[in-house]
file upload_32.cif (mmCIF, C-alpha atoms and all ligand atoms)
data_work
loop_
_atom_site.label_atom_id
_atom_site.label_comp_id
_atom_site.auth_asym_id
_atom_site.auth_seq_id
_atom_site.Cartn_x
_atom_site.Cartn_y
_atom_site.Cartn_z
CA MET Y 8 16.73 16.17 27.17
CA GLY Y 9 15.94 12.45 26.88
CA SER Y 10 15.85 10.69 23.55
CA ILE Y 11 12.80 10.80 21.35
CA ARG Y 12 10.75 8.41 19.31
CA SER Y 13 7.85 9.03 16.96
CA LYS Y 14 4.16 8.43 17.57
CA ILE Y 15 1.08 8.44 15.40
CA ALA Y 16 -0.80 11.54 16.56
CA GLY Y 17 -3.62 11.49 14.01
CA LEU Y 18 -4.93 9.24 11.27
CA GLY Y 19 -7.58 9.26 8.60
CA TYR Y 20 -8.74 7.53 5.46
CA TYR Y 21 -10.86 8.09 2.41
CA VAL Y 22 -12.34 5.63 -0.07
CA PRO Y 23 -14.16 6.71 -3.24
CA GLU Y 24 -17.94 6.40 -3.21
CA THR Y 25 -18.37 4.09 -6.19
CA VAL Y 26 -18.69 0.49 -5.03
CA VAL Y 27 -17.80 -2.14 -7.65
CA SER Y 28 -19.02 -5.64 -6.84
CA ASN Y 29 -17.60 -8.89 -8.16
CA LYS Y 30 -20.84 -9.29 -10.12
CA GLU Y 31 -20.03 -6.10 -12.01
CA LEU Y 32 -16.61 -7.46 -12.96
CA GLU Y 33 -18.34 -10.60 -14.25
CA LYS Y 34 -19.85 -8.40 -16.98
CA LEU Y 35 -16.40 -7.28 -18.17
CA MET Y 36 -14.32 -10.46 -18.04
CA ASP Y 37 -14.54 -14.20 -17.64
CA THR Y 38 -14.66 -14.41 -13.87
CA THR Y 39 -17.19 -15.22 -11.17
CA ASP Y 40 -18.14 -13.81 -7.81
CA ALA Y 41 -17.62 -17.31 -6.36
CA TRP Y 42 -14.04 -17.58 -7.76
CA ILE Y 43 -13.04 -14.17 -6.45
CA GLN Y 44 -14.51 -14.73 -3.00
CA GLU Y 45 -13.09 -18.22 -2.65
CA ARG Y 46 -9.54 -17.30 -3.74
CA THR Y 47 -9.26 -13.81 -2.26
CA GLY Y 48 -12.13 -13.10 0.15
CA ILE Y 49 -12.94 -9.93 -1.80
CA VAL Y 50 -16.63 -9.04 -2.21
CA GLU Y 51 -16.37 -5.48 -3.52
CA ARG Y 52 -13.92 -2.64 -4.02
CA ARG Y 53 -14.10 1.13 -4.60
CA TYR Y 54 -13.22 2.93 -7.83
CA GLY Y 55 -12.44 6.64 -7.98
CA THR Y 56 -14.17 8.94 -10.44
CA PRO Y 57 -11.99 9.60 -13.50
CA HIS Y 58 -11.29 13.31 -14.13
CA LEU Y 59 -12.56 14.23 -10.67
CA GLU Y 60 -10.43 12.10 -8.37
CA THR Y 61 -6.73 11.28 -8.56
CA THR Y 62 -4.29 9.52 -6.27
CA THR Y 63 -3.30 12.94 -4.95
CA THR Y 64 -6.82 14.20 -4.34
CA ILE Y 65 -7.97 11.09 -2.50
CA GLY Y 66 -4.68 11.20 -0.56
CA ALA Y 67 -5.50 14.78 0.36
CA ARG Y 68 -8.93 13.76 1.72
CA ALA Y 69 -7.30 11.17 3.97
CA ALA Y 70 -4.56 13.64 4.93
CA LYS Y 71 -7.06 16.33 5.98
CA ASN Y 72 -8.73 13.85 8.34
CA ALA Y 73 -5.38 12.85 9.85
CA ILE Y 74 -4.27 16.48 10.26
CA GLU Y 75 -7.53 17.40 11.94
CA MET Y 76 -7.26 14.49 14.35
CA ALA Y 77 -3.68 15.47 15.21
CA GLY Y 78 -5.06 18.87 16.22
CA ILE Y 79 -2.73 20.85 13.97
CA GLN Y 80 -3.08 23.07 10.90
CA ALA Y 81 -1.86 21.87 7.50
CA GLU Y 82 0.76 24.66 7.54
CA GLU Y 83 2.40 23.01 10.53
CA ILE Y 84 3.34 19.94 8.45
CA ASP Y 85 7.11 20.11 7.92
CA PHE Y 86 7.59 16.99 5.79
CA ILE Y 87 5.40 14.96 3.43
CA ILE Y 88 5.98 11.32 2.52
CA PHE Y 89 3.73 9.93 -0.21
CA ALA Y 90 3.66 6.21 -0.98
CA THR Y 91 1.94 5.02 -4.15
CA LEU Y 92 2.40 2.81 -7.20
CA SER Y 93 -0.30 4.64 -9.13
CA PRO Y 94 0.94 8.25 -9.18
CA ASP Y 95 -0.88 11.07 -10.99
CA TYR Y 96 2.21 11.69 -13.16
CA TYR Y 97 5.27 9.71 -14.19
CA PHE Y 98 7.04 12.67 -12.60
CA PRO Y 99 6.90 14.77 -10.49
CA GLY Y 100 5.58 12.56 -7.75
CA CYS Y 101 2.42 12.93 -5.70
CA GLY Y 102 4.31 14.46 -2.74
CA VAL Y 103 4.54 17.91 -4.32
CA LEU Y 104 1.03 17.65 -5.75
CA LEU Y 105 -0.26 16.95 -2.26
CA GLN Y 106 1.70 19.90 -0.87
CA ARG Y 107 0.01 22.09 -3.50
CA GLU Y 108 -3.41 20.56 -2.83
CA LEU Y 109 -3.11 21.17 0.91
CA LYS Y 110 -1.78 24.71 0.29
CA ILE Y 111 1.25 24.19 2.52
CA SER Y 112 3.93 26.78 1.85
CA GLY Y 113 6.90 25.29 -0.03
CA SER Y 114 9.29 27.32 2.11
CA GLN Y 115 8.53 25.19 5.16
CA VAL Y 116 7.98 21.66 3.87
CA GLY Y 117 9.87 18.94 2.01
CA ALA Y 118 8.15 16.19 0.02
CA LEU Y 119 9.35 12.67 -0.67
CA ASP Y 120 7.81 9.97 -2.85
CA ILE Y 121 8.08 6.31 -1.95
CA ARG Y 122 7.92 3.59 -4.59
CA ASN Y 123 7.69 0.42 -2.58
CA GLN Y 124 4.23 -0.73 -3.56
CA CYS Y 125 2.53 -2.89 -0.92
CA SER Y 126 5.19 -2.15 1.68
CA GLY Y 127 5.29 1.57 0.83
CA PHE Y 128 3.51 2.58 4.00
CA ILE Y 129 5.92 0.61 6.22
CA TYR Y 130 8.92 2.07 4.37
CA GLY Y 131 7.43 5.54 4.75
CA LEU Y 132 6.79 4.99 8.45
CA SER Y 133 10.37 3.88 8.94
CA ILE Y 134 11.73 7.00 7.21
CA ALA Y 135 9.40 9.27 9.18
CA ASP Y 136 10.46 7.58 12.42
CA GLN Y 137 14.15 8.19 11.67
CA PHE Y 138 13.58 11.86 10.79
CA ILE Y 139 11.67 12.41 14.01
CA ARG Y 140 14.21 10.57 16.14
CA THR Y 141 16.99 12.83 14.81
CA GLY Y 142 14.90 15.90 15.61
CA GLN Y 143 14.81 17.11 12.02
CA TYR Y 144 11.00 17.22 11.69
CA LYS Y 145 8.10 17.57 14.12
CA ASN Y 146 4.95 16.97 12.07
CA ILE Y 147 5.37 14.45 9.29
CA LEU Y 148 2.42 13.65 7.05
CA LEU Y 149 2.63 10.11 5.70
CA VAL Y 150 0.12 9.17 3.01
CA GLY Y 151 -0.53 5.91 1.18
CA ALA Y 152 -2.95 6.27 -1.73
CA GLU Y 153 -3.85 4.40 -4.91
CA MET Y 154 -6.06 4.87 -7.94
CA HIS Y 155 -5.56 1.41 -9.38
CA SER Y 156 -8.78 1.58 -11.36
CA MET Y 157 -7.21 3.92 -13.90
CA GLY Y 158 -4.59 1.39 -14.98
CA LEU Y 159 -6.04 -2.11 -14.95
CA ASP Y 160 -6.73 -4.52 -17.79
CA TYR Y 161 -10.51 -5.08 -17.74
CA THR Y 162 -10.38 -7.96 -20.22
CA THR Y 163 -10.11 -11.65 -19.28
CA ARG Y 164 -6.35 -11.49 -19.90
CA GLY Y 165 -5.91 -9.25 -16.86
CA ARG Y 166 -8.40 -10.95 -14.55
CA ASN Y 167 -5.94 -12.42 -12.04
CA VAL Y 168 -4.68 -8.91 -11.26
CA THR Y 169 -7.72 -6.74 -11.90
CA VAL Y 170 -10.16 -8.48 -9.57
CA ILE Y 171 -7.83 -7.96 -6.62
CA PHE Y 172 -7.21 -4.22 -6.69
CA GLY Y 173 -9.23 -1.26 -5.46
CA ASP Y 174 -8.79 2.47 -4.87
CA GLY Y 175 -8.36 4.19 -1.52
CA ALA Y 176 -6.19 6.38 0.67
CA GLY Y 177 -4.95 6.43 4.24
CA ALA Y 178 -2.81 8.92 6.12
CA VAL Y 179 -1.11 9.46 9.46
CA VAL Y 180 0.59 12.39 11.16
CA LEU Y 181 3.72 11.48 13.09
CA GLN Y 182 5.08 13.60 15.91
CA PRO Y 183 7.89 13.30 18.45
CA THR Y 184 7.31 11.87 21.90
CA GLY Y 185 9.50 10.78 24.81
CA GLU Y 186 11.32 7.43 24.65
CA GLU Y 187 9.27 6.20 27.60
CA GLU Y 188 5.94 7.23 26.05
CA PRO Y 189 3.88 5.04 23.70
CA GLY Y 190 5.07 5.31 20.11
CA VAL Y 191 6.97 3.54 17.35
CA ILE Y 192 9.25 0.87 18.82
CA ASN Y 193 10.98 -0.31 15.67
CA THR Y 194 10.68 -0.94 11.96
CA VAL Y 195 12.33 -3.63 9.83
CA LEU Y 196 12.66 -3.44 6.06
CA HIS Y 197 13.69 -6.00 3.46
CA ALA Y 198 14.06 -6.23 -0.33
CA ASP Y 199 14.92 -8.86 -2.92
CA GLY Y 200 14.97 -7.67 -6.52
CA THR Y 201 15.49 -11.22 -7.83
CA TYR Y 202 11.73 -11.26 -8.23
CA ALA Y 203 11.27 -7.72 -9.55
CA GLU Y 204 9.31 -8.76 -12.64
CA GLU Y 205 7.05 -11.29 -10.85
CA LEU Y 206 4.67 -8.55 -9.74
CA ALA Y 207 5.25 -5.49 -11.85
CA PHE Y 208 3.95 -2.72 -14.06
CA ILE Y 209 6.81 -2.63 -16.54
CA ASN Y 210 5.70 -0.42 -19.43
CA PRO Y 211 6.00 2.43 -20.07
CA GLY Y 212 9.50 2.62 -18.65
CA CYS Y 213 13.10 3.35 -19.62
CA HIS Y 214 14.28 -0.27 -19.55
CA GLY Y 215 14.46 -0.70 -23.33
CA GLY Y 216 14.00 -4.44 -22.87
CA TYR Y 217 17.32 -4.71 -20.99
CA HIS Y 218 16.33 -6.78 -17.96
CA GLN Y 219 14.69 -9.56 -19.93
CA GLN Y 220 16.84 -9.20 -23.05
CA GLN Y 221 13.64 -8.30 -24.80
CA THR Y 222 14.70 -6.49 -27.97
CA ASP Y 223 11.39 -6.86 -29.76
CA LEU Y 224 9.36 -4.28 -27.92
CA GLY Y 225 9.04 -2.12 -31.03
CA TYR Y 226 11.43 0.69 -30.14
CA PRO Y 227 12.13 2.85 -33.20
CA GLU Y 228 15.47 2.45 -34.99
CA GLY Y 229 18.21 4.86 -33.96
CA GLY Y 230 16.89 5.79 -30.56
CA TYR Y 231 13.68 6.04 -28.65
CA GLY Y 232 12.88 9.63 -29.51
CA GLY Y 233 11.80 10.23 -25.92
CA LEU Y 234 9.18 7.50 -26.15
CA PHE Y 235 8.88 5.02 -23.33
CA LEU Y 236 5.74 3.56 -24.82
CA THR Y 237 5.88 2.01 -28.28
CA GLN Y 238 3.15 1.23 -30.76
CA LYS Y 239 3.86 -2.48 -30.28
CA MET Y 240 3.40 -2.26 -26.52
CA TRP Y 241 0.09 -0.58 -27.11
CA GLU Y 242 -1.07 -3.03 -29.81
CA GLU Y 243 -0.09 -6.08 -27.76
CA GLN Y 244 -1.39 -4.50 -24.56
CA LEU Y 245 1.92 -4.88 -22.73
CA ILE Y 246 0.90 -1.89 -20.66
CA PHE Y 247 -0.75 -3.37 -17.62
CA PRO Y 248 0.40 -4.76 -14.28
CA SER Y 249 1.21 -8.47 -14.29
CA MET Y 250 1.66 -10.95 -11.47
CA ASN Y 251 2.89 -14.46 -10.87
CA GLY Y 252 0.13 -14.95 -8.30
CA GLN Y 253 1.20 -18.32 -6.97
CA LEU Y 254 4.81 -17.27 -6.39
CA VAL Y 255 3.71 -14.06 -4.70
CA PHE Y 256 1.27 -15.98 -2.52
CA LYS Y 257 3.82 -18.63 -1.48
CA THR Y 258 6.50 -16.06 -0.71
CA ALA Y 259 4.09 -13.80 1.16
CA ILE Y 260 2.93 -16.47 3.59
CA GLN Y 261 6.57 -17.20 4.40
CA LYS Y 262 7.77 -13.59 4.71
CA PHE Y 263 4.88 -12.19 6.77
CA PRO Y 264 5.46 -14.41 9.84
CA GLU Y 265 9.25 -14.10 9.43
CA VAL Y 266 9.32 -10.31 9.45
CA ILE Y 267 6.76 -10.03 12.24
CA GLY Y 268 8.91 -12.40 14.30
CA GLU Y 269 12.02 -10.35 13.54
CA SER Y 270 10.40 -7.11 14.64
CA LEU Y 271 9.14 -8.69 17.89
CA HIS Y 272 12.52 -10.29 18.54
CA ASN Y 273 14.32 -6.95 18.06
CA ALA Y 274 12.01 -5.44 20.67
CA GLY Y 275 12.40 -8.32 23.13
CA LEU Y 276 8.71 -9.16 22.74
CA SER Y 277 6.78 -12.19 21.56
CA ILE Y 278 3.62 -12.82 19.55
CA GLY Y 279 1.61 -13.22 22.75
CA ASP Y 280 2.30 -9.54 23.51
CA VAL Y 281 0.63 -8.32 20.31
CA ASP Y 282 -2.79 -6.74 20.78
CA MET Y 283 -3.48 -6.01 17.12
CA LEU Y 284 -1.88 -7.18 13.87
CA ILE Y 285 -2.67 -5.13 10.78
CA PRO Y 286 -1.42 -7.09 7.79
CA HIS Y 287 -1.26 -5.45 4.37
CA GLN Y 288 -4.53 -6.46 2.72
CA ALA Y 289 -3.23 -8.51 -0.23
CA ASN Y 290 -5.55 -11.49 -0.08
CA LEU Y 291 -7.76 -12.64 2.80
CA ARG Y 292 -6.34 -16.16 2.39
CA ILE Y 293 -2.82 -14.81 2.99
CA SER Y 294 -3.94 -12.98 6.15
CA GLN Y 295 -5.75 -16.08 7.40
CA PHE Y 296 -2.72 -18.25 6.79
CA VAL Y 297 -0.46 -15.81 8.64
CA GLN Y 298 -2.93 -15.53 11.53
CA LYS Y 299 -3.05 -19.30 11.87
CA LYS Y 300 0.71 -19.67 11.66
CA LEU Y 301 1.16 -17.07 14.42
CA GLY Y 302 -1.66 -18.51 16.51
CA LEU Y 303 -3.51 -15.20 16.82
CA PRO Y 304 -7.25 -15.09 17.65
CA ASP Y 305 -9.66 -13.33 15.25
CA GLU Y 306 -10.00 -10.23 17.42
CA LYS Y 307 -6.25 -9.54 17.14
CA VAL Y 308 -6.10 -9.37 13.34
CA TRP Y 309 -7.85 -6.65 11.34
CA ASN Y 310 -9.02 -7.43 7.81
CA ASN Y 311 -11.11 -5.27 5.51
CA ILE Y 312 -10.07 -6.56 2.08
CA GLN Y 313 -13.61 -7.96 1.72
CA ARG Y 314 -14.89 -4.39 1.22
CA TYR Y 315 -11.97 -2.61 -0.43
CA GLY Y 316 -9.86 -5.17 -2.25
CA ASN Y 317 -6.11 -4.64 -2.22
CA THR Y 318 -5.37 -0.92 -2.00
CA THR Y 319 -1.58 -1.45 -1.91
CA ALA Y 320 0.15 1.48 -0.11
CA ALA Y 321 -3.19 2.57 1.35
CA SER Y 322 -4.29 -0.75 2.79
CA ILE Y 323 -2.46 -0.57 6.13
CA PRO Y 324 -3.41 3.00 7.06
CA ILE Y 325 -7.04 2.40 6.03
CA ALA Y 326 -7.21 -0.77 8.13
CA LEU Y 327 -5.41 0.90 11.04
CA CYS Y 328 -7.85 3.78 10.98
CA GLU Y 329 -10.88 1.51 10.82
CA ALA Y 330 -9.59 -0.64 13.68
CA PHE Y 331 -8.99 2.46 15.79
CA GLU Y 332 -12.42 3.93 15.00
CA ALA Y 333 -14.05 0.62 15.89
CA GLY Y 334 -12.40 0.75 19.33
CA ALA Y 335 -10.30 -2.33 18.57
CA ILE Y 336 -7.05 -0.47 19.35
CA ARG Y 337 -6.57 1.44 22.59
CA ARG Y 338 -3.79 3.53 24.09
CA ASN Y 339 -0.72 1.47 25.02
CA ASP Y 340 -1.84 -1.51 22.93
CA LEU Y 341 0.99 -3.24 21.07
CA VAL Y 342 0.20 -2.83 17.37
CA CYS Y 343 2.11 -4.64 14.66
CA LEU Y 344 1.95 -3.61 10.99
CA ALA Y 345 3.35 -5.91 8.31
CA ALA Y 346 3.53 -5.92 4.53
CA PHE Y 347 4.83 -7.90 1.61
CA GLY Y 348 4.62 -7.18 -2.10
CA SER Y 349 6.12 -6.13 -5.39
CA GLY Y 350 9.90 -5.80 -5.49
CA PHE Y 351 9.81 -8.08 -3.63
CA THR Y 352 9.87 -5.77 -0.63
CA TRP Y 353 8.57 -6.51 2.81
CA GLY Y 354 8.70 -5.10 6.30
CA ALA Y 355 7.08 -4.66 9.69
CA ALA Y 356 6.56 -1.92 12.24
CA LEU Y 357 5.88 -2.28 15.92
CA MET Y 358 4.37 0.42 18.10
CA ARG Y 359 2.60 1.12 21.35
CA TRP Y 360 -0.57 2.95 20.40
CA ALA Y 361 -0.32 6.56 21.52
CA ILE Y 362 -3.81 8.01 21.01
O1 LIG W 401 -0.42 -6.95 -2.68
C1 LIG W 401 0.44 -7.45 -3.65
C2 LIG W 401 0.69 -8.86 -3.44
N1 LIG W 401 -0.24 -9.66 -4.18
C3 LIG W 401 -0.64 -10.78 -3.64
O2 LIG W 401 -0.31 -11.05 -2.51
C4 LIG W 401 -1.43 -11.73 -4.48
C5 LIG W 401 -1.00 -13.13 -4.20
N2 LIG W 401 -1.60 -14.12 -5.07
C6 LIG W 401 -2.92 -14.39 -5.03
O3 LIG W 401 -3.63 -13.79 -4.26
C7 LIG W 401 -3.45 -15.48 -5.91
O4 LIG W 401 -2.38 -16.09 -6.58
C8 LIG W 401 -4.50 -15.01 -6.95
C9 LIG W 401 -5.78 -14.68 -6.21
C10 LIG W 401 -4.00 -13.80 -7.70
C11 LIG W 401 -4.79 -16.09 -7.95
O5 LIG W 401 -5.23 -17.25 -7.30
P1 LIG W 401 -4.56 -18.66 -7.61
O6 LIG W 401 -5.31 -19.63 -6.85
O7 LIG W 401 -3.09 -18.55 -7.36
O8 LIG W 401 -4.86 -18.82 -9.15
P2 LIG W 401 -3.86 -19.07 -10.36
O9 LIG W 401 -3.20 -17.79 -10.75
O10 LIG W 401 -3.01 -20.24 -10.07
O11 LIG W 401 -4.88 -19.48 -11.47
C12 LIG W 401 -5.72 -20.64 -11.35
C13 LIG W 401 -6.74 -20.60 -12.44
C14 LIG W 401 -6.14 -20.30 -13.82
O12 LIG W 401 -6.89 -21.02 -14.79
P3 LIG W 401 -6.31 -22.36 -15.42
O13 LIG W 401 -5.02 -22.00 -16.07
O14 LIG W 401 -6.15 -23.31 -14.27
O15 LIG W 401 -7.39 -22.75 -16.36
C15 LIG W 401 -6.40 -18.85 -14.01
O16 LIG W 401 -6.48 -18.47 -15.34
O17 LIG W 401 -7.66 -19.55 -12.20
C16 LIG W 401 -7.75 -18.70 -13.32
N3 LIG W 401 -8.01 -17.34 -12.88
C17 LIG W 401 -9.27 -16.88 -12.75
N4 LIG W 401 -10.48 -17.44 -12.94
C18 LIG W 401 -11.55 -16.69 -12.71
C19 LIG W 401 -7.14 -16.38 -12.54
N5 LIG W 401 -7.81 -15.27 -12.18
C20 LIG W 401 -9.13 -15.55 -12.31
C21 LIG W 401 -10.29 -14.82 -12.08
N6 LIG W 401 -11.48 -15.43 -12.30
N7 LIG W 401 -10.28 -13.54 -11.66
#
call {"tool": "encode", "arguments": {"input": "upload_32.cif", "output": "structure tokens"}}
result
Amino acid sequence: MGSIRSKIAGLGYYVPETVVSNKELEKLMDTTDAWIQERTGIVERRYGTPHLETTTTIGARAAKNAIEMAGIQAEEIDFIIFATLSPDYYFPGCGVLLQRELKISGSQVGALDIRNQCSGFIYGLSIADQFIRTGQYKNILLVGAEMHSMGLDYTTRGRNVTVIFGDGAGAVVLQPTGEEEPGVINTVLHADGTYAEELAFINPGCHGGYHQQQTDLGYPEGGYGGLFLTQKMWEEQLIFPSMNGQLVFKTAIQKFPEVIGESLHNAGLSIGDVDMLIPHQANLRISQFVQKKLGLPDEKVWNNIQRYGNTTAASIPIALCEAFEAGAIRRNDLVCLAAFGSGFTWGAALMRWAI
């Protein structure tokens, strides 16, 4: 038997129905539609319905679409990979909740949670690809989903972060195929924790102030009593994501072209061979900068951040699915996925489209 590689056999996405425009955010904080559009390209985003939708349930909606397209039953899934930074619970992760939601028997499936934020989908794809290449699994469900809206600071203090993010979910089913058939060519992954706190959601956590020698976070004397969240954190609202936007922006526009180039180089290909680039939807200005740097025409780069904002682990599979449904990706096309974000972590994946 020849060697195997993985291919995307089905894909799907789901975005919550509620559309939140920039104008609506203007009512909550000191921001303007013009500022948001000029700096990020975002016009609107979706917010899930509290109590009715969670990261797992919207992930499940996307997953069902992907499973149906792959032409299999949910019970045939033998491994779940769930990428998110906004999980339903601190633990256990969304992987097992999705397994329960999809009613897949626990005796035949494993579930893994990925915590790599914006590059979570690329990391997940890389893991799935390795598992399929070794022959361990045959139908891997990879989901990227976020319910950011549940954990954002809707006051002016949080505006630089809050205006960017939106909720959504995307999923793919990966299956084995022959080495000569279209499928995943390679993945490259990188990480640099030097910048861990530059884009982070730090509290609640078990750090106890260690990393920043912050001893004044209000932990009770004589131990934490099982509390990760202190009264002081709550009172001073140290409980939201924070971002050094300019540093993230500057690093992103450097790392995107670098990692795309690395992936192409490893495959013996060049940028002229790429039919479609799907960059993680962090900021339209970042995507435009990367496109220009790589010299790609508009029809070879897919952006949808205008309508969904930054959906972190979900942004690539949502964009991939939309591009495919629009007929912008066809069988055998060379598709490049790339991401950069919190960690910092970044990566790229290169594939010949197999559907
Ligand atoms: O997917 C994860 C990766 N994340 C990213 O890739 C995000 C990368 N960074 C960015 O996209 C941009 O840095 C932002 C869009 C977040 C911010 O844009 P910026 O041009 O870098 O703005 P800034 O943070 O340097 O802030 C400039 C000014 C500040 O006011 P002052 O101090 O000059 O008076 C901010 O307070 O803009 C202000 N500002 C806002 N004003 C209106 C920040 N956010 C807002 C806002 N509305 N939403």
call {"tool": "residues_near_ligand", "arguments": {"input": "upload_32.cif", "ligand": "ligand LIG 401 (chain W)", "cutoff": "7 Å", "atoms": "only C-alpha atoms and all ligand atoms", "output": "ChimeraX atom specification"}}
result
/Y:37-39,42-43,46-47,125,166-168,170,251-253,255-256,259,288-290,317,319,347-349
call {"tool": "atom_distance", "arguments": {"input": "upload_32.cif", "atom1": "atom CA of Asn273 of chain Y", "atom2": "atom CA of Arg292 of chain Y"}}
result
27.5 Å
call {"tool": "closest_residue", "arguments": {"input": "upload_32.cif", "among": "Y:Gln44, Y:Tyr96, Y:Tyr20, Y:Ala320", "to": "Ile121 of chain Y", "atoms": "all atoms listed in the file"}}
result
Y:Ala320
call {"tool": "atom_distance", "arguments": {"input": "upload_32.cif", "atom1": "atom CA of Arg359 of chain Y", "atom2": "atom CA of Ser133 of chain Y"}}
result
14.9 Å
call {"tool": "atom_distance", "arguments": {"input": "upload_32.cif", "atom1": "atom CA of Ala361 of chain Y", "atom2": "atom CA of Ser112 of chain Y"}}
result
28.5 Å
call {"tool": "closest_residue", "arguments": {"input": "upload_32.cif", "among": "Y:Ile134, Y:Thr91, Y:Tyr161, Y:Gly177", "to": "Lys71 of chain Y", "atoms": "all atoms listed in the file"}}
result
Y:Gly177
call {"tool": "closest_atom_pairs", "arguments": {"input": "upload_32.cif", "of": "segment 81-161 of chain Y", "to": "segment 179-191 of chain Y", "cutoff": "9 Å", "atoms": "only C-alpha atoms", "output": "JSON lines"}}
result
{"residue": "Y:Ile84", "atom": "CA", "partner": "Y:Val180", "partner_atom": "CA", "distance": 8.5}
{"residue": "Y:Leu132", "atom": "CA", "partner": "Y:Leu181", "partner_atom": "CA", "distance": 8.5}
{"residue": "Y:Ala135", "atom": "CA", "partner": "Y:Leu181", "partner_atom": "CA", "distance": 7.2}
{"residue": "Y:Asp136", "atom": "CA", "partner": "Y:Val191", "partner_atom": "CA", "distance": 7.3}
{"residue": "Y:Ile139", "atom": "CA", "partner": "Y:Pro183", "partner_atom": "CA", "distance": 5.9}
{"residue": "Y:Arg140", "atom": "CA", "partner": "Y:Pro183", "partner_atom": "CA", "distance": 7.3}
{"residue": "Y:Gly142", "atom": "CA", "partner": "Y:Pro183", "partner_atom": "CA", "distance": 8.0}
{"residue": "Y:Tyr144", "atom": "CA", "partner": "Y:Gln182", "partner_atom": "CA", "distance": 8.1}
{"residue": "Y:Lys145", "atom": "CA", "partner": "Y:Gln182", "partner_atom": "CA", "distance": 5.3}
{"residue": "Y:Asn146", "atom": "CA", "partner": "Y:Gln182", "partner_atom": "CA", "distance": 5.1}
{"residue": "Y:Ile147", "atom": "CA", "partner": "Y:Leu181", "partner_atom": "CA", "distance": 5.1}
{"residue": "Y:Leu148", "atom": "CA", "partner": "Y:Val180", "partner_atom": "CA", "distance": 4.7}
{"residue": "Y:Leu149", "atom": "CA", "partner": "Y:Val179", "partner_atom": "CA", "distance": 5.3}
{"residue": "Y:Val150", "atom": "CA", "partner": "Y:Val179", "partner_atom": "CA", "distance": 6.6}
call {"tool": "closest_residue", "arguments": {"input": "upload_32.cif", "among": "Y:Ala16, Y:Ile49, Y:Ile267, Y:Ala345", "to": "Gln313 of chain Y", "atoms": "all atoms listed in the file"}}
result
Y:Ile49
call {"tool": "axis_aligned_box", "arguments": {"input": "upload_32.cif", "around": "segment 350-354 of chain Y", "padding_each_side": "3 Å", "output": "AutoDock Vina command-line options"}}
result
--center_x 9.2 --center_y -6.6 --center_z 0.4 --size_x 7.3 --size_y 9.0 --size_z 17.8
call {"tool": "residues_around", "arguments": {"input": "upload_32.cif", "residues": "Glu60 of chain Y", "least_positions_apart": "6", "cutoff": "10 Å", "atoms": "only C-alpha atoms", "output": "count of residues only"}}
result
5
call {"tool": "residues_around", "arguments": {"input": "upload_32.cif", "residues": "Ala67 of chain Y", "least_positions_apart": "6", "cutoff": "7 Å", "atoms": "all atoms listed in the file", "output": "PyMOL selection string"}}
result
chain Y and resi 105+108-109
call {"tool": "build_atoms", "arguments": {"input": "upload_32.cif", "residues": "segment 268-275 of chain Y", "atoms": "N, CA, C and O atoms", "output": "mmCIF file, in the coordinates of the input"}}
result
data_model
loop_
_atom_site.group_PDB
_atom_site.id
_atom_site.type_symbol
_atom_site.label_atom_id
_atom_site.label_comp_id
_atom_site.auth_asym_id
_atom_site.auth_seq_id
_atom_site.Cartn_x
_atom_site.Cartn_y
_atom_site.Cartn_z
ATOM 1 N N GLY Y 268 8.066 -11.788 13.264
ATOM 2 C CA GLY Y 268 8.910 -12.400 14.300
ATOM 3 C C GLY Y 268 10.186 -11.604 14.521
ATOM 4 O O GLY Y 268 10.617 -11.404 15.666
ATOM 5 N N GLU Y 269 10.770 -11.126 13.451
ATOM 6 C CA GLU Y 269 12.020 -10.350 13.540
ATOM 7 C C GLU Y 269 11.797 -9.047 14.316
ATOM 8 O O GLU Y 269 12.590 -8.681 15.187
ATOM 9 N N SER Y 270 10.704 -8.384 13.994
ATOM 10 C CA SER Y 270 10.400 -7.110 14.640
ATOM 11 C C SER Y 270 10.158 -7.329 16.145
ATOM 12 O O SER Y 270 10.656 -6.570 16.987
ATOM 13 N N LEU Y 271 9.409 -8.385 16.470
ATOM 14 C CA LEU Y 271 9.140 -8.690 17.890
ATOM 15 C C LEU Y 271 10.430 -9.066 18.608
ATOM 16 O O LEU Y 271 10.696 -8.605 19.726
ATOM 17 N N HIS Y 272 11.247 -9.864 17.950
ATOM 18 C CA HIS Y 272 12.520 -10.290 18.540
ATOM 19 C C HIS Y 272 13.405 -9.082 18.851
ATOM 20 O O HIS Y 272 13.985 -8.980 19.928
ATOM 21 N N ASN Y 273 13.490 -8.153 17.869
ATOM 22 C CA ASN Y 273 14.320 -6.950 18.060
ATOM 23 C C ASN Y 273 13.852 -6.117 19.257
ATOM 24 O O ASN Y 273 14.625 -5.392 19.853
ATOM 25 N N ALA Y 274 12.564 -6.230 19.565
ATOM 26 C CA ALA Y 274 12.010 -5.440 20.670
ATOM 27 C C ALA Y 274 11.980 -6.241 21.981
ATOM 28 O O ALA Y 274 11.524 -5.733 23.006
ATOM 29 N N GLY Y 275 12.438 -7.476 21.929
ATOM 30 C CA GLY Y 275 12.400 -8.320 23.130
ATOM 31 C C GLY Y 275 10.987 -8.729 23.501
ATOM 32 O O GLY Y 275 10.676 -8.944 24.682
#
